[in-house]
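S.K.: Have a look at this one before I ask anything.
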Amino acid sequence: MTLIHPKAASHSTSEFVPSGPIDIISYAISACALGQVLVARSDKGVCAILIGDDPKLLIEDLAARFPKATLVTRETIVRDDVAKVVRFMDNPNEGLQLSLDMRGMPVQRRIWEKLRGISSGHTVSYTEMASCVGPLATARMVAEACAANPIALAIPCHRVVRSDGDLVGYRWGIERKRALIENEALA
């Protein structure tokens, strides 16, 4: 399979000279306990785990999150990652060990790193998470980082709840958040 950078489409091959490295993201979609899951990987690691019901919408979401990347369906590249994600949904006690390519603003990446420290079966409030991040962090900053998180499950934003324990705000639906938390509590 020959991959051509999107900007090359209007030029002949001999005229095209890439202006920098081409960002190629390989992805695959699989059925899972929560519907469908799309797992995407760059050369640095998993850069997206998206959950939904419609594979077409998952691909559109991936394209919107990585507008300058060349997206390629390659099950062989992400097969092991997909298997780990699906296994994790069925048995969260196994953990989810993936190399990640976390792309975001520095404050988002810092929050995402802290989120990765929340153990399966546990939840924290947005306020508690903000105090773990640093003195200038706020609950709103944590909520915004969770909303922007493109790597569901591996960056477990589903484990962040309101101060009173209620479930709010999950990019992939509150019912999925509830199912994940309940499954982890039982494991």
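Numbering starts fresh at 1 for the residues of each chain in the structure tokens, the chains themselves are lettered A, B, ... in the order given, and ligands are numbered from 1 as they appear.
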Skip Gln97 in chain A itself and residues of its chain fewer than 4 positions away, then list as JSON, numbers by chain all residues within 10 Å of it, counting only C-alpha atoms.
M.R.: {"A": [81, 84, 85, 88, 154]}
S.K.: Can you tell me, as a PyMOL selection string, which residues in range 47-174 of chain A count as alpha helix (DSSP H) by DSSP?
M.R.: chain A and resi 55-65+75-90+106-115+126-133+139-148+174
S.K.: Out of A:Gly104, A:Pro67, A:Gly52, A:Gly95, which residue has the shortest atom-to-atom distance to Ala148 in chain A when counting only C-alpha atoms?
M.R.: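 Comparing A:Gly104, A:Pro67, A:Gly52, A:Gly95 against Ala148 in chain A, the winner is A:Gly104.
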S.K.: Please provide the set of residues having any atom within 9 Å of Asp101 in chain A, restricted to only C-alpha atoms, with same-chain residues fewer than 6 positions apart removed, written as a compact mmCIF listing (two decimals) with all heavy atoms, in the first residue's frame.
M.R.:
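Saved file part37.txt follows:
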```txt
# COMPACT_ATOMS: atom_id res chain seq x y z
N ARG A 41 -3.09 4.39 16.58
CA ARG A 41 -1.69 4.41 17.02
C ARG A 41 -0.86 5.21 16.04
O ARG A 41 -0.96 5.03 14.83
CB ARG A 41 -1.20 2.97 17.11
CG ARG A 41 0.28 2.81 17.24
CD ARG A 41 0.67 1.34 17.39
NE ARG A 41 0.56 0.90 18.76
CZ ARG A 41 1.42 1.22 19.72
NH1 ARG A 41 2.46 1.98 19.45
NH2 ARG A 41 1.27 0.78 20.94
N SER A 42 0.00 6.06 16.58
CA SER A 42 1.03 6.74 15.79
C SER A 42 2.32 5.93 15.94
O SER A 42 2.31 4.89 16.61
CB SER A 42 1.26 8.16 16.32
OG SER A 42 1.90 8.11 17.58
N ASP A 43 3.39 6.43 15.41
CA ASP A 43 4.66 5.72 15.60
C ASP A 43 5.17 5.83 17.03
O ASP A 43 6.07 5.11 17.44
CB ASP A 43 5.72 6.21 14.61
CG ASP A 43 6.06 7.68 14.78
OD1 ASP A 43 5.27 8.42 15.40
OD2 ASP A 43 7.12 8.11 14.29
N LYS A 44 4.57 6.72 17.85
CA LYS A 44 4.99 6.89 19.24
C LYS A 44 4.15 6.10 20.24
O LYS A 44 4.55 5.91 21.37
CB LYS A 44 4.93 8.38 19.62
CG LYS A 44 5.91 9.22 18.83
CD LYS A 44 5.77 10.67 19.20
CE LYS A 44 6.68 11.52 18.32
NZ LYS A 44 6.43 12.94 18.49
N GLY A 45 2.94 5.70 19.84
CA GLY A 45 2.08 4.96 20.75
C GLY A 45 0.61 5.20 20.45
O GLY A 45 0.26 5.88 19.47
N VAL A 46 -0.25 4.66 21.29
CA VAL A 46 -1.69 4.82 21.13
C VAL A 46 -2.04 6.29 21.34
O VAL A 46 -1.69 6.87 22.37
CB VAL A 46 -2.47 3.91 22.10
CG1 VAL A 46 -3.96 4.22 22.06
CG2 VAL A 46 -2.22 2.44 21.77
N CYS A 47 -2.70 6.89 20.36
CA CYS A 47 -3.06 8.31 20.45
C CYS A 47 -4.56 8.52 20.56
O CYS A 47 -5.00 9.64 20.80
CB CYS A 47 -2.49 9.07 19.26
SG CYS A 47 -3.00 8.46 17.65
N ALA A 48 -5.34 7.46 20.39
CA ALA A 48 -6.79 7.59 20.53
C ALA A 48 -7.42 6.25 20.85
O ALA A 48 -7.05 5.22 20.27
CB ALA A 48 -7.42 8.16 19.27
```
S.K.: Got a sec: who's within 12 Å of Asn183 in chain A, counting only C-alpha atoms, leaving out chain neighbours fewer than 6 positions off, as a list in words?
M.R.: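 These residues fall inside the cut-off: Ala33, Leu34, Phe88, Met89, Asp90, Asn91, Pro92, Asn93, Ser120, Gly121, His122, His158, Arg159, Arg176 and Lys177 of chain A.
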S.K.: Rounded to one decimal in Å, what is the spacing between CA of Val39 in chain A and CA of Ala130 in chain A?
M.R.: 28.0 Å
S.K.: Env of Thr127 in chain A: 9 Å cut, atoms = only C-alpha atoms, seq-sep filter 5 positions within chain, self excluded. Answer as number ranges by chain.
M.R.: A: 132, 137-140, 142, 162-163
S.K.: Write out as a list in words the residues lying within 8 Å of Asp23 in chain A, counting only C-alpha atoms and excluding same-chain residues fewer than 3 positions away.
M.R.: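 Listing them by chain and then by number gives Ser42, Lys68, Ala69 and Thr70 of chain A.
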S.K.: Export, as a JSON list (two decimals), in the first residue's frame, the selected residues with N, CA and C atoms.
M.R.:
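File again-v3.json, as written:
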```json
[["chain", "number", "residue", "atom", "x", "y", "z"],
["A", 42, "SER", "N", 0.00, 6.06, 16.58],
["A", 42, "SER", "CA", 1.03, 6.74, 15.79],
["A", 42, "SER", "C", 2.32, 5.93, 15.94],
["A", 68, "LYS", "N", -4.45, 16.97, 10.56],
["A", 68, "LYS", "CA", -3.27, 17.05, 9.68],
["A", 68, "LYS", "C", -2.63, 15.68, 9.46],
["A", 69, "ALA", "N", -3.18, 14.65, 10.06],
["A", 69, "ALA", "CA", -2.60, 13.32, 9.95],
["A", 69, "ALA", "C", -3.20, 12.55, 8.77],
["A", 70, "THR", "N", -2.45, 11.58, 8.28],
["A", 70, "THR", "CA", -2.95, 10.64, 7.30],
["A", 70, "THR", "C", -3.45, 9.43, 8.09]]
```
S.K.: Which residue gives the smallest distance to Cys146 in chain A among A:Glu75, A:Glu60, A:Asp166, A:Glu113, with only C-alpha atoms counted?
M.R.: A:Glu113
S.K.: Let me make sure I understand: among A:Pro55, A:Ala63, A:Leu96, A:Val133, which one has the smallest atom-to-atom distance to Ala83 in chain A if we use only C-alpha atoms?
M.R.: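 Closest to Ala83 in chain A of all the choices is A:Leu96.
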S.K.: Fewer than 2 positions away in the same chain doesn't count, so skip those; otherwise give me all residues within 7 Å of Ile155 in chain A, counting only C-alpha atoms, as an mmCIF file with N, CA and C atoms, in the first residue's frame.
M.R.:
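Below is the file part_37.cif, written as the result:
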```cif
data_model
loop_
_atom_site.group_PDB
_atom_site.id
_atom_site.type_symbol
_atom_site.label_atom_id
_atom_site.label_comp_id
_atom_site.auth_asym_id
_atom_site.auth_seq_id
_atom_site.Cartn_x
_atom_site.Cartn_y
_atom_site.Cartn_z
ATOM 1 N N TRP A 112 -3.758 14.533 32.534
ATOM 2 C CA TRP A 112 -3.913 13.156 32.048
ATOM 3 C C TRP A 112 -2.944 12.217 32.750
ATOM 4 N N LEU A 115 -4.386 11.512 36.070
ATOM 5 C CA LEU A 115 -5.544 10.613 35.935
ATOM 6 C C LEU A 115 -5.097 9.164 35.814
ATOM 7 N N ARG A 116 -3.986 8.940 35.149
ATOM 8 C CA ARG A 116 -3.478 7.576 34.970
ATOM 9 C C ARG A 116 -3.104 6.935 36.304
ATOM 10 N N ILE A 151 -8.018 9.541 24.625
ATOM 11 C CA ILE A 151 -7.557 8.176 24.889
ATOM 12 C C ILE A 151 -8.368 7.587 26.045
ATOM 13 N N ALA A 152 -9.640 7.283 25.764
ATOM 14 C CA ALA A 152 -10.525 6.716 26.782
ATOM 15 C C ALA A 152 -9.889 5.469 27.379
ATOM 16 N N LEU A 153 -10.224 5.194 28.618
ATOM 17 C CA LEU A 153 -9.798 4.016 29.369
ATOM 18 C C LEU A 153 -8.328 4.067 29.774
ATOM 19 N N CYS A 157 -10.527 9.056 32.552
ATOM 20 C CA CYS A 157 -11.333 10.200 32.977
ATOM 21 C C CYS A 157 -12.706 9.752 33.488
#
```
S.K.: Between A:Leu180, A:Val160, A:Leu98, A:Val107, single out the one closest to Val82 in chain A, counting only C-alpha atoms.
M.R.: A:Leu98
S.K.: Counting only C-alpha atoms, which residue out of A:Ala143, A:Pro135, A:Arg110, A:Glu184 sits closest to Gly169 in chain A?
M.R.: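 Going through A:Ala143, A:Pro135, A:Arg110, A:Glu184 one by one, the smallest distance to Gly169 in chain A is for A:Ala143.
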S.K.: Please indicate the distance in Å from CA of Arg87 in chain A to CA of Tyr27 in chain A, rounded to one decimal place.
M.R.: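 These two atoms are separated by 17.5 Å.
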S.K.: May I ask for the distance between CA of Arg79 in chain A and CA of Ala147 in chain A, given in Å to one decimal place?
M.R.: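 Answer for the CA of Arg79 in chain A to CA of Ala147 in chain A separation: 26.4 Å.
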S.K.: Hey, which of A:Val161, A:Ile22, A:Met102, A:Leu167 ends up closest to Thr123 in chain A? Count only C-alpha atoms.
M.R.: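 The answer is A:Val161, which sits nearest to Thr123 in chain A.
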S.K.: If you run DSSP on this backbone, which residues of range 36-175 of chain A come out as strand (DSSP E or B), and could you give them as a PyMOL selection string?
M.R.: chain A and resi 36-41+46-52+70-73+100+124-125+151+160-161
